[in-house]
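Q: Sharing data-v5.csv here; it has CSV, C-alpha atoms and all ligand atoms.
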```csv
chain,number,residue,atom,x,y,z
P,1,MET,CA,-6.0,13.0,-17.0
P,2,ILE,CA,-3.0,11.4,-15.4
P,3,ASN,CA,-3.8,8.3,-13.3
P,4,ILE,CA,-0.8,6.3,-12.2
P,5,ALA,CA,-1.2,2.8,-10.6
P,6,LEU,CA,1.8,1.6,-8.7
P,7,ASP,CA,1.4,-1.9,-7.4
P,8,GLY,CA,3.7,-4.4,-5.8
P,9,PRO,CA,4.6,-6.4,-2.7
P,10,SER,CA,5.6,-4.9,0.7
P,11,GLY,CA,9.0,-3.2,0.7
P,12,SER,CA,9.3,-2.9,-3.0
P,13,GLY,CA,9.8,0.9,-2.6
P,14,LYS,CA,6.7,1.9,-4.3
P,15,SER,CA,5.5,4.4,-1.7
P,16,THR,CA,8.8,6.2,-1.7
P,17,VAL,CA,8.7,6.4,-5.5
P,18,ALA,CA,5.0,7.4,-5.5
P,19,LYS,CA,5.6,10.3,-3.1
P,20,ILE,CA,8.5,11.7,-5.3
P,21,ILE,CA,6.5,11.3,-8.5
P,22,SER,CA,3.4,13.0,-7.0
P,23,LYS,CA,5.6,16.0,-6.0
P,24,LYS,CA,7.4,16.2,-9.3
P,25,LEU,CA,4.2,16.1,-11.3
P,26,ASP,CA,2.3,18.1,-8.7
P,27,ILE,CA,-0.5,15.5,-8.5
P,28,LEU,CA,-2.3,13.8,-5.6
P,29,TYR,CA,-0.8,10.7,-3.9
P,30,LEU,CA,-2.9,8.1,-2.2
P,31,ASP,CA,-1.2,5.4,-0.1
P,32,THR,CA,-4.0,2.8,-0.1
P,33,GLY,CA,-2.0,0.5,2.3
P,34,ALA,CA,-2.4,3.2,5.0
P,35,MET,CA,-6.2,2.7,4.8
P,36,TYR,CA,-6.0,-1.1,5.3
P,37,ARG,CA,-3.6,-0.4,8.2
P,38,ALA,CA,-6.1,2.0,9.8
P,39,CYS,CA,-8.8,-0.8,9.5
P,40,ALA,CA,-6.5,-3.2,11.3
P,41,LEU,CA,-5.9,-0.6,14.0
P,42,GLU,CA,-9.6,0.0,14.5
P,43,ALA,CA,-10.1,-3.8,14.9
P,44,LEU,CA,-7.2,-3.9,17.4
P,45,MET,CA,-8.8,-1.1,19.4
P,46,ARG,CA,-12.1,-2.9,19.4
P,47,GLY,CA,-10.4,-6.2,20.4
P,48,VAL,CA,-11.7,-7.8,17.2
P,49,ASP,CA,-9.8,-10.5,15.3
P,50,CYS,CA,-8.8,-9.2,11.9
P,51,LEU,CA,-9.9,-12.5,10.2
P,52,ASP,CA,-13.3,-12.6,12.0
P,53,GLU,CA,-15.4,-11.4,9.1
P,54,LYS,CA,-18.7,-11.1,11.0
P,55,SER,CA,-17.2,-8.9,13.7
P,56,VAL,CA,-15.3,-6.7,11.2
P,57,ALA,CA,-18.4,-6.4,8.9
P,58,ALA,CA,-20.3,-5.0,11.9
P,59,PHE,CA,-18.1,-1.9,12.1
P,60,ILE,CA,-16.4,-1.4,8.7
P,61,ASP,CA,-19.2,0.5,7.0
P,62,ASP,CA,-19.3,3.1,9.8
P,63,ILE,CA,-15.5,3.3,10.3
P,64,ASP,CA,-14.6,6.9,11.1
P,65,LEU,CA,-11.6,7.1,8.7
P,66,LYS,CA,-10.5,10.1,6.8
P,67,ILE,CA,-7.6,10.8,4.5
P,68,VAL,CA,-6.5,14.4,4.6
P,69,TYR,CA,-3.5,16.3,3.1
P,70,GLU,CA,-1.3,18.7,5.1
P,71,ASN,CA,1.3,20.5,3.0
P,72,GLY,CA,0.8,17.8,0.4
P,73,ALA,CA,1.5,15.0,2.9
P,74,GLN,CA,-1.1,12.3,3.5
P,75,LYS,CA,-2.4,12.0,7.0
P,76,THR,CA,-4.6,9.1,8.1
P,77,ILE,CA,-7.2,10.2,10.6
P,78,LEU,CA,-9.1,7.5,12.6
P,79,ARG,CA,-11.8,8.6,15.1
P,80,GLY,CA,-10.4,12.1,14.7
P,81,GLU,CA,-6.9,11.1,15.7
P,82,ASP,CA,-3.9,11.3,13.4
P,83,VAL,CA,-2.7,7.7,13.4
P,84,SER,CA,-0.2,8.1,10.5
P,85,THR,CA,2.7,7.0,12.8
P,86,LYS,CA,0.8,4.3,14.8
P,87,ILE,CA,-0.2,2.4,11.7
P,88,ARG,CA,3.4,1.9,10.7
P,89,MET,CA,4.1,-0.3,13.8
P,90,ASN,CA,5.3,-3.7,12.8
P,91,GLU,CA,2.5,-5.5,14.6
P,92,VAL,CA,-0.1,-3.6,12.5
P,93,SER,CA,1.5,-4.8,9.2
P,94,MET,CA,0.5,-8.4,9.4
P,95,LYS,CA,-2.9,-7.5,10.8
P,96,ALA,CA,-3.4,-5.2,7.9
P,97,SER,CA,-2.6,-8.0,5.5
P,98,ASP,CA,-5.2,-10.2,7.3
P,99,ILE,CA,-8.0,-7.7,7.4
P,100,SER,CA,-7.4,-6.7,3.8
P,101,SER,CA,-8.4,-10.2,2.7
P,102,LEU,CA,-12.0,-9.7,3.8
P,103,PRO,CA,-14.3,-8.7,0.9
P,104,CYS,CA,-16.4,-6.4,3.1
P,105,VAL,CA,-13.2,-4.4,4.0
P,106,ARG,CA,-12.0,-4.2,0.4
P,107,ARG,CA,-15.4,-3.1,-0.9
P,108,LYS,CA,-15.5,-0.2,1.6
P,109,MET,CA,-11.8,0.8,1.0
P,110,VAL,CA,-12.1,0.6,-2.8
P,111,GLU,CA,-15.2,2.8,-2.7
P,112,MET,CA,-13.3,5.4,-0.7
P,113,GLN,CA,-10.2,5.2,-2.9
P,114,ARG,CA,-12.2,5.7,-6.1
P,115,ALA,CA,-13.9,8.7,-4.5
P,116,VAL,CA,-10.5,10.3,-3.7
P,117,ALA,CA,-9.2,9.5,-7.2
P,118,LYS,CA,-12.3,10.6,-9.2
P,119,GLY,CA,-11.6,13.4,-11.6
P,120,THR,CA,-8.2,14.1,-10.2
P,121,ASP,CA,-4.7,13.6,-11.5
P,122,CYS,CA,-3.2,11.1,-9.1
P,123,VAL,CA,-0.8,8.3,-8.3
P,124,LEU,CA,-2.1,5.5,-6.1
P,125,ASP,CA,0.0,2.8,-4.6
P,126,GLY,CA,-1.2,-0.6,-3.4
P,127,ARG,CA,-1.7,-4.2,-4.5
P,128,ASP,CA,-4.8,-4.0,-6.7
P,129,ILE,CA,-4.8,-0.5,-8.2
P,130,GLY,CA,-4.1,-1.5,-11.8
P,131,THR,CA,-6.2,-4.7,-11.7
P,132,TYR,CA,-9.2,-3.5,-9.7
P,133,VAL,CA,-9.4,0.0,-8.2
P,134,LEU,CA,-8.4,1.9,-11.4
P,135,PRO,CA,-8.4,-0.6,-14.2
P,136,ASP,CA,-8.5,2.2,-16.7
P,137,ALA,CA,-5.5,4.0,-15.3
P,138,LYS,CA,-3.3,5.3,-18.1
P,139,TYR,CA,-0.1,4.3,-16.5
P,140,LYS,CA,0.5,1.1,-14.6
P,141,PHE,CA,3.6,-0.2,-13.0
P,142,PHE,CA,4.3,-3.3,-11.0
P,143,VAL,CA,7.2,-2.6,-8.8
P,144,THR,CA,8.9,-5.5,-7.2
P,145,ALA,CA,12.3,-6.7,-5.8
P,146,LYS,CA,13.8,-9.9,-4.4
P,147,PRO,CA,12.4,-10.7,-0.9
P,148,GLU,CA,16.0,-10.5,0.6
P,149,VAL,CA,16.5,-7.0,-0.8
P,150,ARG,CA,13.1,-5.9,0.5
P,151,ALA,CA,13.8,-7.3,4.0
P,152,LYS,CA,17.2,-5.5,4.0
P,153,ARG,CA,15.6,-2.2,3.1
P,154,ARG,CA,13.1,-2.6,5.9
P,155,TYR,CA,15.9,-3.7,8.3
P,156,ASP,CA,17.9,-0.6,7.4
P,157,GLU,CA,14.9,1.7,7.8
P,158,LEU,CA,13.9,0.3,11.2
P,159,THR,CA,17.5,0.2,12.6
P,160,ALA,CA,18.0,3.8,11.5
P,161,LYS,CA,15.0,4.7,13.6
P,162,GLY,CA,16.6,2.9,16.6
P,163,GLN,CA,14.4,-0.1,16.5
P,164,LYS,CA,15.9,-3.5,17.3
P,165,VAL,CA,14.9,-6.0,14.7
P,166,GLU,CA,16.1,-9.4,13.4
P,167,PHE,CA,16.7,-9.6,9.6
P,168,ASP,CA,15.5,-13.2,9.5
P,169,CYS,CA,12.2,-12.3,11.2
P,170,LEU,CA,11.6,-9.4,8.8
P,171,LEU,CA,12.3,-11.7,5.8
P,172,GLU,CA,9.9,-14.3,7.2
P,173,GLU,CA,7.2,-11.6,7.7
P,174,ILE,CA,7.7,-10.3,4.1
P,175,ASN,CA,7.4,-13.8,2.7
P,176,ARG,CA,4.2,-14.4,4.8
P,177,ARG,CA,2.7,-11.1,3.7
P,178,ASP,CA,3.5,-11.8,0.1
P,179,TYR,CA,1.8,-15.2,0.3
P,180,ASN,CA,-1.2,-13.7,2.1
P,181,ASP,CA,-1.6,-10.8,-0.2
P,182,SER,CA,-1.3,-12.8,-3.4
P,183,HIS,CA,-3.4,-15.8,-2.4
P,184,ARG,CA,-6.5,-14.1,-1.1
P,185,GLU,CA,-9.6,-14.6,-3.3
P,186,PHE,CA,-10.8,-11.0,-3.7
P,187,ALA,CA,-8.5,-8.7,-5.7
P,188,PRO,CA,-5.2,-10.3,-4.8
P,189,LEU,CA,-1.7,-8.8,-5.4
P,190,LYS,CA,-1.2,-9.4,-9.1
P,191,GLN,CA,0.5,-7.7,-12.0
P,192,ALA,CA,-2.1,-6.2,-14.4
P,193,ASP,CA,-1.7,-7.6,-17.9
P,194,ASP,CA,-1.0,-4.0,-19.2
P,195,ALA,CA,1.4,-3.0,-16.4
P,196,VAL,CA,5.1,-2.4,-16.9
P,197,LEU,CA,7.2,-4.7,-14.6
P,198,LEU,CA,10.0,-3.1,-12.7
P,199,ASP,CA,12.4,-5.2,-10.6
P,200,THR,CA,14.1,-2.6,-8.4
P,201,SER,CA,16.5,-5.1,-6.7
P,202,ASP,CA,19.5,-3.4,-8.3
P,203,MET,CA,18.1,0.0,-8.8
P,204,THR,CA,18.3,3.2,-6.8
P,205,VAL,CA,15.2,5.2,-5.9
P,206,ASP,CA,16.3,7.9,-8.4
P,207,GLN,CA,16.6,5.3,-11.2
P,208,VAL,CA,13.1,4.0,-10.6
P,209,VAL,CA,11.7,7.5,-10.5
P,210,ASP,CA,13.5,8.4,-13.7
P,211,PHE,CA,12.3,5.3,-15.5
P,212,ILE,CA,8.6,5.9,-14.5
P,213,LEU,CA,8.8,9.6,-15.5
P,214,SER,CA,10.4,8.8,-18.8
P,215,GLU,CA,7.6,6.3,-19.6
P,216,ILE,CA,5.1,9.0,-18.8
P,217,GLU,CA,6.9,11.7,-20.7
P,218,ARG,CA,7.3,9.5,-23.8
P,219,ASP,CA,3.6,9.7,-24.4
P,301,LIG,O1,1.5,-1.2,1.4
P,301,LIG,P1,1.4,-1.6,2.9
P,301,LIG,O2,2.4,-2.5,3.4
P,301,LIG,O3,1.2,-0.4,3.8
P,301,LIG,O4,0.0,-2.4,3.0
P,301,LIG,C1,-0.5,-3.0,4.2
P,301,LIG,C2,-1.3,-4.2,3.8
P,301,LIG,O5,-2.5,-3.8,3.2
P,301,LIG,C3,-0.7,-5.2,2.8
P,301,LIG,O6,-0.2,-6.3,3.5
P,301,LIG,C4,-1.8,-5.6,1.9
P,301,LIG,C5,-2.9,-4.6,2.1
P,301,LIG,N1,-3.2,-3.8,0.9
P,301,LIG,C6,-4.1,-4.3,0.0
P,301,LIG,O7,-4.5,-5.4,0.2
P,301,LIG,N2,-4.4,-3.6,-1.1
P,301,LIG,C7,-3.9,-2.4,-1.3
P,301,LIG,N3,-4.3,-1.7,-2.4
P,301,LIG,C8,-3.0,-1.8,-0.4
P,301,LIG,C9,-2.6,-2.6,0.7
```
Starting from the file, give its structure as structure tokens.
A:
Amino acid sequence: MINIALDGPSGSGKSTVAKIISKKLDILYLDTGAMYRACALEALMRGVDCLDEKSVAAFIDDIDLKIVYENGAQKTILRGEDVSTKIRMNEVSMKASDISSLPCVRRKMVEMQRAVAKGTDCVLDGRDIGTYVLPDAKYKFFVTAKPEVRAKRRYDELTAKGQKVEFDCLLEEINRRDYNDSHREFAPLKQADDAVLLDTSDMTVDQVVDFILSEIERD
């Protein structure tokens, strides 16, 4: 069984890398961040504050969220609607970080993630895959990069899509999310003791992919 845990902060490039690896190895890819983003979108649609635990707890167990695959690509379906694009909106990012700090949300999402991964060769990316979701994963990587590099990557990605963004704002958001994600009580962003650390600040996507594949093939 191949279970790969790819954890790391926002913008470290782990989802780009995870997608390529899942194609090359022909295994399932689950972007767990998309699930927290969908929870935040559900809260926004309900007019619920993402840090209001009582109100979130009232809907989270019955959230109508499904992860489906179309030609190998993950689609996030909320209330029957494909929200894969909507959940990428910048305003959803911070809300996703907020809602993901609530234990009731994490318990529900982790249960769903483990159900998807069960008995399947897969690569999961997130913040707590190696430490909490799949602690027995055979391969664990902690992918990171300097905040300025991650902000620049995000800046390039958004401007290429025609969005007008300020580099300094993106950098501040990245630092805020890093702090939020690594300081929450329940399953924070943290390198697993047995994960391989990979600083991608000066690496291309291909170099990161090759490194991870060589670690796997070495076995
Ligand atoms: O990877 P991303 O930026 O799409 O994730 C959005 C938010 O979800 C992120 O700020 C933290 C949270 N998250 C988490 O807490 N645990 C995960 N396994 C994945 C994401």
Q: Quick one: of P:Gly72, P:Gly47, P:Pro147, P:Pro135, who's nearest to P:Ile27, counting only C-alpha atoms?
A: P:Gly72
Q: Would you pick out the contacts of P:Asp199 at 12 Å or less, using all atoms listed in the file, so that residues sharing its chain but fewer than 4 positions from it are not included, and give the list as an MDAnalysis selection string?
A: chainID P and resid 7:9 11:14 141:147 149:150 203:205 207:208 211
Q: Please give me, as a ChimeraX atom specification, the residues lying within 8 Å of ligand LIG 301 (chain P) when counting all atoms listed in the file.
A: /P:7,9-11,15,31-37,88,93-101,106,125-129,133,177-178,180-181,187-189
Q: Please determine, counting all atoms listed in the file, which residue among P:Val83, P:Cys50, P:Ala38, P:Ile174 has the shortest atom-to-atom distance to P:Ile63.
A: P:Ala38
Q: Nearest residue to P:Ala40 out of P:Asn90, P:Ser201, P:Gln113, P:Thr159, using all atoms listed in the file?
A: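 The closest residue to P:Ala40 is P:Asn90.
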Q: I'd like the interatomic distance between atom CA of P:Lys190 and atom CA of P:Gly130, to a tenth of an Å.
A: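 Pair atom CA of P:Lys190 / atom CA of P:Gly130 returns 8.8 Å.
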Q: Enter the distance from atom CA of P:Asp26 to atom CA of P:Tyr69, in Å, rounded to one decimal.
A: 13.3 Å
Q: List as a ChimeraX atom specification the protein and nucleic acid residues near P:Gln74, meaning an atom at most 8 Å away when only C-alpha atoms are counted, but skip any in the same chain fewer than 4 places from it.
A: /P:29-31,67-70
Q: Given all atoms listed in the file as the basis, pick out the residue of P:Leu78, P:Leu44, P:Ala137, P:Ala73 nearest to P:Lys19.
A: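 That would be P:Ala73, the residue with the smallest distance to P:Lys19.
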Q: Of the candidates P:Lys54, P:Tyr179, P:Lys140, P:Ile212, which one gets nearest to P:Thr200 if we count only C-alpha atoms?
A: P:Ile212
Q: For a test of reading the model, state the distance in Å between atom CA of P:Arg79 and atom CA of P:Glu91, rounded to one decimal.
A: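 Between these atoms lies a distance of 20.1 Å.
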Q: Report as AutoDock Vina command-line options the centre and the edge lengths, in Å to one decimal, of the axis-aligned box holding every listed atom of stretch 1-5 of chain P, padded by 6 Å on each side.
A:
```
--center_x -3.4 --center_y 7.9 --center_z -13.8 --size_x 17.2 --size_y 22.2 --size_z 18.4
```
